[in-house]
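Q: Just one file: structure-v9.txt, with compact mmCIF, C-alpha atoms.
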```txt
# COMPACT_ATOMS: atom_id res chain seq x y z
CA MET A 746 4.75 8.31 21.77
CA SER A 747 4.41 4.52 21.62
CA ILE A 748 3.49 3.21 18.18
CA SER A 749 2.11 -0.09 16.93
CA ALA A 750 3.03 0.20 13.24
CA LEU A 751 5.94 1.76 11.40
CA CYS A 752 5.49 2.21 7.65
CA ILE A 753 8.58 2.86 5.54
CA GLY A 754 8.74 3.91 1.92
CA HIS A 755 6.99 6.22 -0.50
CA ALA A 756 5.21 9.42 0.52
CA SER A 757 3.83 11.49 -2.33
CA TYR A 758 1.12 13.93 -3.24
CA ASP A 759 -1.73 12.83 -5.52
CA LEU A 760 -3.72 14.83 -8.06
CA CYS A 761 -6.64 12.63 -9.12
CA ILE A 762 -8.68 13.76 -12.12
CA VAL A 763 -11.97 11.92 -12.67
CA VAL A 764 -13.15 11.79 -16.30
CA PRO A 765 -16.13 10.08 -17.99
CA GLY A 766 -13.80 8.24 -20.39
CA PHE A 767 -10.06 8.03 -21.01
CA PRO A 768 -9.06 10.93 -23.29
CA ALA A 769 -7.59 10.28 -26.71
CA GLU A 770 -4.11 11.58 -27.50
CA ASN A 771 -4.00 15.19 -28.71
CA SER A 772 -7.53 15.87 -27.52
CA LYS A 773 -9.32 17.95 -24.89
CA THR A 774 -11.70 16.79 -22.22
CA GLN A 775 -13.42 18.36 -19.22
CA THR A 776 -13.93 17.31 -15.64
CA ASP A 777 -15.66 18.79 -12.62
CA LEU A 778 -13.84 16.58 -10.11
CA LEU A 779 -10.23 17.01 -9.02
CA ILE A 780 -9.25 15.23 -5.80
CA GLU A 781 -6.02 16.28 -4.07
CA SER A 782 -4.48 14.37 -1.19
CA GLY A 783 -1.34 12.77 0.10
CA GLY A 784 -0.45 9.40 -1.39
CA GLY A 785 2.13 6.65 -1.71
CA PRO A 786 1.69 2.97 -0.74
CA ALA A 787 3.37 3.07 2.68
CA ALA A 788 2.04 6.54 3.48
CA ASN A 789 -1.52 5.51 2.61
CA ALA A 790 -1.20 2.46 4.86
CA ALA A 791 0.09 4.62 7.73
CA TRP A 792 -2.75 7.10 7.18
CA LEU A 793 -5.38 4.36 7.18
CA LEU A 794 -4.02 2.72 10.32
CA ALA A 795 -3.97 6.04 12.18
CA HIS A 796 -7.43 6.88 10.80
CA TRP A 797 -8.64 3.61 12.35
CA GLY A 798 -7.07 4.38 15.71
CA VAL A 799 -3.77 2.48 15.45
CA PRO A 800 -0.74 4.47 16.69
CA SER A 801 1.39 4.63 13.56
CA ALA A 802 4.55 6.28 12.26
CA MET A 803 5.80 6.98 8.74
CA ALA A 804 9.40 7.10 7.52
CA ALA A 805 10.11 8.67 4.13
CA ILE A 806 11.92 11.41 2.26
CA VAL A 807 10.05 14.39 0.84
CA ALA A 808 11.16 17.82 -0.29
CA ASP A 809 10.93 21.03 1.64
CA ASP A 810 8.34 22.23 -0.85
CA GLU A 811 4.58 22.83 -0.98
CA TYR A 812 3.72 19.23 -1.87
CA GLY A 813 5.97 17.89 0.86
CA ARG A 814 4.42 20.18 3.46
CA ARG A 815 0.93 19.16 2.37
CA ALA A 816 1.80 15.46 2.56
CA ILE A 817 3.21 15.77 6.09
CA ALA A 818 0.36 17.98 7.32
CA GLU A 819 -2.25 15.49 6.16
CA LEU A 820 -0.51 12.58 7.86
CA ARG A 821 -0.16 14.55 11.09
CA GLU A 822 -3.82 15.53 10.96
CA ALA A 823 -4.71 11.82 10.86
CA GLY A 824 -2.50 11.19 13.89
CA VAL A 825 0.56 9.70 12.16
CA ASP A 826 3.90 10.20 13.92
CA CYS A 827 6.01 12.00 11.30
CA ARG A 828 9.30 12.37 13.15
CA LEU A 829 11.01 10.00 10.65
CA ILE A 830 9.87 11.88 7.55
CA GLN A 831 12.88 13.82 6.31
CA PRO A 832 12.30 17.01 4.28
CA VAL A 833 15.40 17.44 2.09
CA ALA A 834 16.35 20.74 0.46
CA GLY A 835 16.86 20.42 -3.28
CA HIS A 836 14.82 17.21 -3.42
CA ALA A 837 11.52 16.94 -5.31
CA THR A 838 8.50 15.54 -3.47
CA PRO A 839 7.02 12.71 -5.56
CA VAL A 840 3.79 13.71 -7.29
CA SER A 841 1.31 11.32 -8.91
CA PHE A 842 -1.08 12.44 -11.64
CA ILE A 843 -4.00 10.01 -11.67
CA ILE A 844 -6.60 9.78 -14.41
CA SER A 845 -9.64 7.91 -13.13
CA ASN A 846 -11.90 6.54 -15.88
CA GLN A 847 -15.53 6.45 -14.72
CA ALA A 848 -16.55 4.30 -17.68
CA THR A 849 -14.40 1.35 -16.57
CA GLY A 850 -13.39 2.11 -12.97
CA SER A 851 -9.72 1.87 -13.95
CA ARG A 852 -7.03 4.45 -13.25
CA THR A 853 -3.87 5.49 -15.06
CA ILE A 854 -1.00 6.91 -13.00
CA ILE A 855 1.91 9.10 -14.05
CA ASN A 856 4.53 9.45 -11.31
CA ARG A 857 7.01 12.29 -10.97
CA LYS A 858 9.75 10.77 -8.83
CA VAL A 859 13.25 12.18 -8.97
CA SER A 860 16.09 9.94 -7.79
CA GLY A 861 17.92 11.44 -4.86
CA LYS A 862 18.97 10.78 -1.31
CA ASN A 863 18.17 7.41 0.27
CA LEU A 864 16.45 7.28 3.64
CA ASP A 865 18.76 6.32 6.51
CA LEU A 866 17.37 4.90 9.76
CA PRO A 867 20.21 4.03 12.15
CA PRO A 868 19.18 2.59 15.55
CA GLY A 869 19.49 5.99 17.21
CA LYS A 870 16.68 7.41 15.09
CA LEU A 871 14.46 4.42 15.87
CA SER A 872 14.99 4.33 19.62
CA GLY A 873 11.85 4.49 21.71
CA LEU A 874 9.45 3.43 18.96
CA GLU A 875 9.23 -0.38 19.46
CA PRO A 876 6.63 -1.07 16.73
CA ARG A 877 4.79 -4.38 16.69
CA LEU A 878 4.53 -4.30 12.90
CA LEU A 879 6.69 -3.00 10.06
CA LEU A 880 5.19 -2.32 6.63
CA PHE A 881 7.38 -1.63 3.59
CA ASP A 882 6.62 -0.75 -0.04
CA GLY A 883 10.13 -1.37 -1.39
CA HIS A 884 10.99 2.28 -2.09
CA GLU A 885 13.50 2.52 0.78
CA PRO A 886 15.17 -0.93 1.02
CA GLN A 887 18.17 0.22 3.05
CA ALA A 888 16.02 1.86 5.73
CA SER A 889 13.64 -1.11 5.70
CA LEU A 890 16.47 -3.57 6.34
CA GLN A 891 17.74 -1.32 9.13
CA ALA A 892 14.30 -1.44 10.77
CA ILE A 893 14.12 -5.23 10.46
CA LYS A 894 17.48 -5.50 12.19
CA THR A 895 16.48 -3.05 14.93
CA PHE A 896 13.08 -4.67 15.59
CA PRO A 897 13.62 -8.41 15.00
CA ASN A 898 10.38 -9.40 16.78
CA ALA A 899 8.08 -7.16 14.75
CA ILE A 900 5.63 -8.57 12.21
CA THR A 901 6.93 -7.65 8.74
CA VAL A 902 4.78 -6.99 5.65
CA LEU A 903 5.94 -6.07 2.15
CA ASP A 904 3.60 -4.31 -0.27
CA ALA A 905 5.23 -5.40 -3.55
CA GLY A 906 3.49 -3.42 -6.27
CA SER A 907 6.06 -4.03 -8.99
CA LEU A 908 9.43 -5.71 -9.39
CA ARG A 909 12.22 -3.30 -8.59
CA ASP A 910 15.46 -3.51 -6.64
CA GLY A 911 13.77 -2.71 -3.33
CA THR A 912 10.90 -5.19 -3.59
CA HIS A 913 13.27 -7.91 -4.80
CA ARG A 914 15.70 -7.32 -1.92
CA LEU A 915 12.96 -7.29 0.71
CA ALA A 916 10.77 -10.12 -0.63
CA GLY A 917 12.72 -12.82 1.19
CA CYS A 918 13.18 -10.83 4.40
CA VAL A 919 9.54 -10.43 5.44
CA GLU A 920 6.99 -12.64 7.10
CA TYR A 921 4.23 -11.61 4.68
CA LEU A 922 4.95 -10.99 1.01
CA VAL A 923 1.72 -9.36 -0.23
CA CYS A 924 2.21 -8.63 -3.90
CA SER A 925 0.24 -7.40 -6.88
CA GLU A 926 -0.64 -9.37 -9.99
CA ARG A 927 1.91 -7.23 -11.82
CA PHE A 928 4.72 -8.19 -9.42
CA ALA A 929 3.81 -11.88 -9.69
CA ALA A 930 3.81 -11.72 -13.49
CA GLN A 931 7.16 -9.92 -13.58
CA VAL A 932 8.81 -12.43 -11.23
CA THR A 933 7.35 -15.60 -12.72
CA GLY A 934 7.05 -14.61 -16.37
CA GLN A 935 3.44 -15.82 -16.26
CA LYS A 936 1.10 -13.69 -18.39
CA ASP A 937 -2.11 -15.17 -16.96
CA VAL A 938 -1.63 -15.03 -13.18
CA PRO A 939 -5.31 -15.60 -12.23
CA GLY A 940 -5.47 -18.62 -14.52
CA ASN A 941 -2.20 -20.10 -13.30
CA TRP A 942 -2.13 -18.87 -9.72
CA GLN A 943 -0.96 -22.11 -8.14
CA ALA A 944 2.10 -22.26 -10.39
CA CYS A 945 2.82 -18.58 -9.69
CA LEU A 946 2.69 -19.14 -5.94
CA ALA A 947 5.03 -22.09 -6.28
CA ARG A 948 7.55 -19.97 -8.19
CA LEU A 949 7.27 -17.12 -5.69
CA ARG A 950 8.35 -19.63 -3.04
CA LYS A 951 11.88 -19.10 -4.38
CA LEU A 952 11.68 -15.54 -3.05
CA ASN A 953 9.82 -16.10 0.21
CA ARG A 954 9.57 -19.15 2.46
CA SER A 955 6.97 -17.76 4.84
CA CYS A 956 3.60 -16.43 3.63
CA ILE A 957 2.69 -15.19 0.13
CA VAL A 958 -0.42 -13.35 -1.06
CA ILE A 959 -1.16 -12.22 -4.63
CA THR A 960 -3.91 -9.61 -4.98
CA LEU A 961 -5.87 -9.98 -8.22
CA GLY A 962 -8.33 -7.09 -8.21
CA GLU A 963 -11.78 -8.28 -9.35
CA PHE A 964 -10.55 -11.89 -9.05
CA GLY A 965 -9.87 -11.52 -5.32
CA SER A 966 -6.63 -12.91 -3.95
CA VAL A 967 -4.68 -16.14 -3.71
CA TYR A 968 -2.27 -17.26 -1.02
CA ASP A 969 0.26 -19.79 0.16
CA ASP A 970 0.74 -19.74 3.92
CA GLY A 971 3.30 -22.53 3.99
CA LYS A 972 0.66 -25.13 4.83
CA GLU A 973 -1.82 -24.76 1.99
CA GLN A 974 -2.69 -22.76 -1.08
CA GLY A 975 -6.08 -21.14 -1.45
CA ARG A 976 -8.05 -18.28 -2.92
CA LEU A 977 -10.57 -15.74 -1.70
CA PRO A 978 -13.11 -13.97 -3.93
CA ALA A 979 -13.34 -10.21 -4.22
CA LEU A 980 -16.20 -8.31 -2.63
CA LYS A 981 -19.08 -8.11 -5.10
CA VAL A 982 -19.48 -4.38 -5.75
CA GLN A 983 -19.76 -1.97 -8.64
CA THR A 984 -16.29 -0.56 -9.27
CA ILE A 985 -16.15 3.22 -9.63
CA ASP A 986 -12.43 3.91 -9.09
CA THR A 987 -9.60 1.57 -8.09
CA THR A 988 -7.21 4.34 -6.96
CA ALA A 989 -5.38 3.31 -3.74
CA ALA A 990 -7.42 0.09 -3.39
CA GLY A 991 -4.19 -1.90 -3.09
CA ASP A 992 -2.82 0.47 -0.45
CA ILE A 993 -6.06 0.18 1.52
CA PHE A 994 -5.83 -3.61 1.24
CA HIS A 995 -2.32 -3.57 2.73
CA GLY A 996 -3.21 -1.12 5.49
CA ALA A 997 -6.29 -3.16 6.42
CA PHE A 998 -4.26 -6.38 6.35
CA ALA A 999 -1.74 -4.81 8.73
CA PHE A 1000 -4.61 -3.69 10.99
CA ALA A 1001 -5.98 -7.24 11.05
CA LEU A 1002 -2.60 -8.73 11.92
CA LEU A 1003 -2.20 -6.26 14.78
CA ALA A 1004 -5.69 -7.26 15.95
CA GLN A 1005 -4.42 -10.89 16.00
CA MET A 1006 -6.93 -12.13 13.45
CA GLN A 1007 -6.26 -15.54 11.94
CA PHE A 1008 -4.57 -15.36 8.53
CA ARG A 1009 -7.60 -16.12 6.34
CA GLN A 1010 -9.76 -13.78 8.43
CA ALA A 1011 -7.14 -11.05 8.03
CA LEU A 1012 -7.16 -11.58 4.26
CA ARG A 1013 -10.95 -11.40 4.15
CA PHE A 1014 -10.92 -8.24 6.25
CA ALA A 1015 -8.45 -6.60 3.85
CA THR A 1016 -10.47 -7.79 0.84
CA VAL A 1017 -13.65 -6.24 2.20
CA ALA A 1018 -11.91 -2.93 2.99
CA ALA A 1019 -10.44 -2.71 -0.52
CA GLY A 1020 -13.76 -3.72 -2.06
CA LEU A 1021 -15.61 -0.97 -0.24
CA SER A 1022 -13.02 1.57 -1.37
CA VAL A 1023 -13.51 1.04 -5.10
CA GLN A 1024 -17.08 2.29 -4.82
CA LYS A 1025 -15.83 5.87 -4.32
CA CYS A 1026 -13.50 8.17 -6.25
CA GLY A 1027 -10.02 9.11 -5.12
CA GLY A 1028 -7.41 7.56 -2.88
CA ARG A 1029 -7.77 8.40 0.80
CA THR A 1030 -11.20 9.87 0.14
CA SER A 1031 -12.36 6.38 -0.82
CA ALA A 1032 -11.19 4.67 2.38
CA PRO A 1033 -14.05 3.11 4.36
CA THR A 1034 -14.46 3.67 8.06
CA LEU A 1035 -13.67 0.84 10.45
CA PRO A 1036 -17.36 0.39 11.40
CA GLN A 1037 -18.24 0.12 7.70
CA VAL A 1038 -15.72 -2.68 7.21
CA ARG A 1039 -16.92 -4.55 10.28
CA GLU A 1040 -20.55 -4.22 9.21
CA ALA A 1041 -19.71 -5.52 5.73
CA MET A 1042 -17.81 -8.44 7.30
CA ASP A 1043 -20.90 -9.33 9.35
CA HIS A 1044 -23.00 -9.49 6.18
CA GLU A 1045 -20.51 -11.59 4.21
```
Give the structure from this file in structure tokens form.
A:
Amino acid sequence: MSISALCIGHASYDLCIVVPGFPAENSKTQTDLLIESGGGPAANAAWLLAHWGVPSAMAAIVADDEYGRRAIAELREAGVDCRLIQPVAGHATPVSFIISNQATGSRTIINRKVSGKNLDLPPGKLSGLEPRLLLFDGHEPQASLQAIKTFPNAITVLDAGSLRDGTHRLAGCVEYLVCSERFAAQVTGQKDVPGNWQACLARLRKLNRSCIVITLGEFGSVYDDGKEQGRLPALKVQTIDTTAAGDIFHGAFAFALLAQMQFRQALRFATVAAGLSVQKCGGRTSAPTLPQVREAMDHE
């Protein structure tokens, strides 16, 4: 199977509980909405790309357990090539417990991730794939660097959600560093990233000399493409749940790059996709269809 995108990193299983307000400590609350689905930044991007008709593959480590089997089955159902997902006996599939607060649209995430075996992708495992784009989330830096070496002509995108060893190692190795406000604040020491975005972009230049994007949620995004700095507003919508909005942004951005959109158009496309997603609850259940994104773009 020929693929266009290879996503490498975190594959998990999500349990999203939607509540009317965030519960106080040592209290009880009730909900009538529990959303279960696969998750993880790179896995969500691979799922979205396949859902939108892009031949995609995912590389990750999961356990040979119920959550791992569910995660793989859901990706396969969407059309994702899962040959590089490695179920490991004795490992624990990452699980995310997500509390979605309907009153504010925010979400709180508790991750169960047990350190274990690192993903290994020698050239023999990657032969025959020839992806045009590589997307990483920093959870498997060794495998990501192996893929960059094997496919030197591929477009490379890093989803840098927070500063950790993997995102730091990969930040300077990719063509597009697309990071969160949290990552930017951790790297630069700047507490008010939206208010000092130009200075933050300038400091991030020490990590990446190509193209930098900082996603800022309701404040949209800012960028430095090596020629100019600029900002794009967020889509004006009522936020219900922000779960996986960042992952959808990255997946949509990758889709736009593969479609050869110009950089600012690709950013706007990703912004619209993420904006549409926050109007629904859950992670993958909130992802818009491709026609919905294109229609919203036409009305922008």
Q: Atom CA of Phe1008 of chain A and atom CA of Cys924 of chain A are how many Å apart?
A: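 One can read the atom CA of Phe1008 of chain A to atom CA of Cys924 of chain A distance as 15.7 Å.
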Q: Using only C-alpha atoms, find all polymer residues with an atom at most 10 Å away from the point (7.5, -2.3, -5.1); report them as a list in words.
A: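 Residues lying no farther than 10 Å from the given point: Gly754, His755, Pro786, Phe881, Asp882, Gly883, His884, Glu885, Pro886, Leu903, Asp904, Ala905, Gly906, Ser907, Leu908, Arg909, Asp910, Gly911, Thr912, His913, Leu915, Ala916, Cys924, Ser925 and Phe928 of chain A.
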Q: Would you pick out the contacts of Tyr812 of chain A at 8 Å or less, using all atoms listed in the file, so that residues sharing its chain but fewer than 3 positions from it are not included, and give the list as a ChimeraX atom specification?
A: /A:757-758,808,815-816,838,840
Q: Find the residues near Cys761 of chain A: any atom within 10 Å, counting all atoms listed in the file, skip ones fewer than 5 places away on the same chain, and give them as a ChimeraX atom specification.
A: /A:778-782,841-845,852-854,988,1026-1028
Q: Report, in Å with one decimal, the straight-line distance from atom CA of Thr1016 of chain A to atom CA of His796 of chain A.
A: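 Computing it gives 18.0 Å between the two atoms.
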Q: If we count all atoms listed in the file, what is near segment 1029-1038 of chain A at a cut-off of 7 Å, once residues fewer than 3 positions away on the same chain are taken out, given as a PDB file with C-alpha atoms, in the coordinates of the input?
A:
```pdb
ATOM      1  CA  TRP A 797      -8.640   3.610  12.350  1.00  0.00           C
ATOM      2  CA  ILE A 993      -6.060   0.180   1.520  1.00  0.00           C
ATOM      3  CA  VAL A1017     -13.650  -6.240   2.200  1.00  0.00           C
ATOM      4  CA  ALA A1018     -11.910  -2.930   2.990  1.00  0.00           C
ATOM      5  CA  LEU A1021     -15.610  -0.970  -0.240  1.00  0.00           C
ATOM      6  CA  SER A1022     -13.020   1.570  -1.370  1.00  0.00           C
ATOM      7  CA  VAL A1023     -13.510   1.040  -5.100  1.00  0.00           C
ATOM      8  CA  LYS A1025     -15.830   5.870  -4.320  1.00  0.00           C
ATOM      9  CA  CYS A1026     -13.500   8.170  -6.250  1.00  0.00           C
ATOM     10  CA  ALA A1041     -19.710  -5.520   5.730  1.00  0.00           C
ATOM     11  CA  MET A1042     -17.810  -8.440   7.300  1.00  0.00           C
TER      12      MET A1042
END
```
Q: Please output segment 860-878 of chain A, rebuilt to include N, CA and C atoms, as a CSV table (one decimal), in the frame of the given file.
A:
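Everything below was put into result_27.csv:
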```csv
chain,number,residue,atom,x,y,z
A,860,SER,N,15.1,10.7,-8.6
A,860,SER,CA,16.1,9.9,-7.8
A,860,SER,C,16.9,10.9,-7.0
A,861,GLY,N,17.1,10.6,-5.7
A,861,GLY,CA,17.9,11.4,-4.9
A,861,GLY,C,18.4,10.7,-3.7
A,862,LYS,N,18.4,11.3,-2.5
A,862,LYS,CA,19.0,10.8,-1.3
A,862,LYS,C,18.1,9.6,-0.8
A,863,ASN,N,18.8,8.6,-0.3
A,863,ASN,CA,18.2,7.4,0.3
A,863,ASN,C,17.9,7.7,1.8
A,864,LEU,N,16.8,7.1,2.2
A,864,LEU,CA,16.4,7.3,3.6
A,864,LEU,C,17.4,6.4,4.5
A,865,ASP,N,17.9,7.0,5.6
A,865,ASP,CA,18.8,6.3,6.5
A,865,ASP,C,18.1,6.3,7.9
A,866,LEU,N,18.0,5.1,8.5
A,866,LEU,CA,17.4,4.9,9.8
A,866,LEU,C,18.3,4.1,10.7
A,867,PRO,N,19.4,4.7,11.2
A,867,PRO,CA,20.2,4.0,12.2
A,867,PRO,C,19.5,3.8,13.5
A,868,PRO,N,19.9,2.9,14.3
A,868,PRO,CA,19.2,2.6,15.6
A,868,PRO,C,18.9,3.8,16.4
A,869,GLY,N,19.7,4.8,16.4
A,869,GLY,CA,19.5,6.0,17.2
A,869,GLY,C,18.2,6.7,16.8
A,870,LYS,N,17.9,6.7,15.5
A,870,LYS,CA,16.7,7.4,15.1
A,870,LYS,C,15.4,6.6,15.4
A,871,LEU,N,15.6,5.3,15.6
A,871,LEU,CA,14.5,4.4,15.9
A,871,LEU,C,14.2,4.1,17.3
A,872,SER,N,15.1,4.6,18.2
A,872,SER,CA,15.0,4.3,19.6
A,872,SER,C,13.7,4.9,20.2
A,873,GLY,N,13.1,4.1,21.0
A,873,GLY,CA,11.8,4.5,21.7
A,873,GLY,C,10.6,4.2,21.0
A,874,LEU,N,10.7,3.7,19.7
A,874,LEU,CA,9.4,3.4,19.0
A,874,LEU,C,8.8,2.1,19.3
A,875,GLU,N,9.7,1.0,19.2
A,875,GLU,CA,9.2,-0.4,19.5
A,875,GLU,C,7.9,-0.8,18.8
A,876,PRO,N,7.8,-0.7,17.4
A,876,PRO,CA,6.6,-1.1,16.7
A,876,PRO,C,6.4,-2.6,16.8
A,877,ARG,N,5.1,-3.0,16.8
A,877,ARG,CA,4.8,-4.4,16.7
A,877,ARG,C,4.7,-4.9,15.3
A,878,LEU,N,4.6,-3.9,14.3
A,878,LEU,CA,4.5,-4.3,12.9
A,878,LEU,C,5.3,-3.3,12.0
```
